[in-house]
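J.: Here it is, the structure in full.
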Amino acid sequence: MSRTGVRVWTRGRIRPELTGLVLLTATALTLAAPPPLATARPAPATGTARTTTAGTAAAPTVEEQRLDRAVPREILRRSGFDTVAPEFVRSLRHADSYAEAKRTAGRQGARLWQRAVDRAQGRGPAGGDLSRDDDRPLYWARLGMTRELRQWEPEFPLSEAARSALLGALERSSRGQDSLTFPGGKAVRSKDRSELKGGGTDRRGVRRIVMTGFDPFTLDRDIRISNPSGATALALDGTVIRTADGPARIETAVFPVRWADFADGTVERALRGPLSRADLFTTVSQGRVGRIDVERYNGAWRGGFGDNDNISETGLVPVGDPASQPQWTVTSLPYTAITAAATGRFPVYDNTSVTEIPAGATAPVVRPDGPTPGSAARAGGGGDYLSNEIAYRATLLRDRLGLDIPGGHVHTPVLQFGAGNTDPATGTVTDPAFVQNRLDIIAQIRAIITVAAESS
């Protein structure tokens with residue numbers, strides 16, 4: 001929606017060669033009842049094959065089609081996750097109803113998430129020689145499952161809406177979104193401090209922290225790519241950190257790099273309950289080379305850079321109740337303490353720059369010190385891509401729920417391959433410098449979260 005109340009919105013495919021940017025766009029940074037089933041079909045005559053739903057299956061997405069390339073196959077093989085999709089197919093064969101299929105999708109998705117978390121945290125067999133900190137096996141194994149489910153033709157009627165619901169159940173459970181929960185406990189105060197809302201420390205005095213990461217992206221530029229924010233989510237899920245104020249438990253989830261999922265409310269569905277019971281939250285994504293940024297301002301604008309399905313979206317961030325939608329939201333993370341602390345080898349900055357259209361103007365300008373009154377957002381500190389959008393949505397949710405908790409967005413450094421391994425055409429899927437860079441980023445984000453918890 002423009003500043004005059006008219007939505008500005010474009011949608012379309014983008015050319016793969018334009019996906020060579022890292023998280024930043026050119027403006028900034030490099031519910032209960034099942035859906036209706038199809039009309040029931042007559043029972044087959046005795047001795048004939050059961051009728052299937054031929055024609056309802058969907059073609060693989062652009063994202064899923066990349067599975068056929070050599071790099072994803074190698075990553076899956078070298079982690080042992082190449083067995084995930086075949087095991088899922090075997091489970092689906094036993095599903096003789098929509099209800100059983102939905103249970104199967106949720107159960108198998110949750111199993112994949114837990115397997116990835118266990119591998120990252122050193123539990124159980126590694127499954128291969130790929131380093132345990134790697135987030136890519138989860139990503140590619142999930143796509144293997146969604147592709148199989150998208151093309152599955154069960155022997156019972158299954159509408160397009162019902163199949164979509166099965167895919168949603170699989171996506172949520174395999175991303176840790178369904179397990180983003182905390183034990184019961186006392187409440188936290190709302191901003192006016194006159195009423196109690198949500199959660200807080202649990203009965204054992206353990207504080208609660210929510211952290212989110214992302215899938216790999218820009219895969220047409222380099223299909224070997226990993227996302228350190230997703231790797232951090234796997235490394236920290238369910239872990240307890242020790243702070244000066246006592247222990248704090250971290251619960252994590254990862255989100256897709258797809259515009260449509262965000263427009264459909266995936267962030268709000270996943271975070272509404274957990275944030276209402278949390279003491280602190282941080283959304284995390286990959287940002288600039290060689291630095292970490294705490295993003296001060298988040299803008300209500302989509303800049304059009306292509307997602308993992310090569311779809312482009314430009315316009316106002318679509319949210320519920322758009323009449324009350326602000327152009328900007330602000331971090332409540334303790335950025336002064338975070339930037340002052342010695343958290344790791346990468347420098348940490350309080351990033352206050354935004355791109356706006358000033359009130360009464362028509363052209364965008366960069367403001368290094370944040371937005372001016374009445375301006376229209378064109379990029380937050382975190383750009384105008386999905387990293388900015390998850391920060392905007394999470395902090396807007398914080399404000400709409402009336403929560404008085406610290407929260408905001410942190411951009412990690414770009415995860416780089418080692419010298420001599422930078423060409424995707426000739427390079428290997430991993431190298432020692434690549435692994436060490438990812439481990440260092442994970443450790444530093446963990447340290448930043450600890451500082452934030454101690455300073456809040």
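Chains: A, B, ... in order of the structure tokens. Residues: from 1 per chain. Ligands: from 1, in order shown.
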Excluding same-chain residues fewer than 6 positions from Val414 (chain A), what lies within 7 Å of it counting only C-alpha atoms, as number ranges by chain?
T.: A: 286-290
J.: Neighbouring residues of region 441-455 of chain A were defined as those with any atom within 8 Å, considering only C-alpha atoms; residues of the same chain fewer than 2 positions away were excluded. Please report them as JSON, numbers by chain.
T.: {"A": [228, 229, 231, 232, 235, 236, 241, 242, 243, 244, 245, 248, 280, 282, 333, 334, 337, 338, 341, 343, 344, 345, 346, 412, 413, 437, 438, 439]}
J.: Go through A:Gly315, A:Gln177, A:Thr355, A:Leu130 and flag the residue nearest Leu271 (chain A), using only C-alpha atoms for the distances.
T.: A:Gln177
J.: If I take CA of Leu166 (chain A) and CA of Gln151 (chain A), how far is one from the other in Å, to one decimal?
T.: 12.0 Å
J.: What's the 7 Å shell around Leu234 (chain A), counting only C-alpha atoms, without same-chain residues fewer than 4 positions away, as a PyMOL selection string?
T.: chain A and resi 116-117+120+230
J.: Between CA of Asp118 (chain A) and CA of Trp152 (chain A), what is the distance, to one decimal in Å?
T.: 28.8 Å
J.: As a PyMOL selection string, please: every residue in region 286-435 of chain A that a backbone DSSP assignment puts in strand (DSSP E or B).
T.: chain A and resi 286+292-295+297-299+301-303+311-316+328-330+348-351+354-357+365-367+376-380+383+403+407-412
J.: Taking only C-alpha atoms into account, produce a table as a Markdown table in which each residue of region 341-400 of chain A with an atom at most 12 Å from an atom of region 306-311 of chain A appears once, together with its shortest atom pair and the distance in Å to one decimal, ordered by chain and rising number.
T.:
```
| residue | atom | partner | partner_atom | distance |
| --- | --- | --- | --- | --- |
| A:Asp384 | CA | A:Gly306 | CA | 11.4 |
| A:Tyr385 | CA | A:Gly306 | CA | 8.8 |
| A:Leu386 | CA | A:Asp307 | CA | 8.6 |
| A:Ser387 | CA | A:Asp307 | CA | 11.5 |
```
J.: Would you put the residues from that selection into a file with N, CA and C atoms, as a compact mmCIF listing (two decimals), in the first residue's frame?
T.:
```txt
# COMPACT_ATOMS: atom_id res chain seq x y z
N ASP A 384 15.51 -4.73 2.33
CA ASP A 384 14.09 -4.83 1.98
C ASP A 384 13.75 -6.25 1.52
N TYR A 385 14.49 -7.21 2.09
CA TYR A 385 14.28 -8.62 1.76
C TYR A 385 13.63 -9.30 2.96
N LEU A 386 13.62 -10.61 2.99
CA LEU A 386 12.90 -11.34 4.02
C LEU A 386 13.54 -11.26 5.40
N SER A 387 14.81 -10.92 5.47
CA SER A 387 15.42 -10.70 6.78
C SER A 387 14.82 -9.47 7.45
```
J.: Quote the spacing between CA of Ala101 (chain A) and CA of Leu170 (chain A) in Å to one decimal place.
T.: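 So the two atoms, CA of Ala101 (chain A) and CA of Leu170 (chain A), lie 10.3 Å apart.
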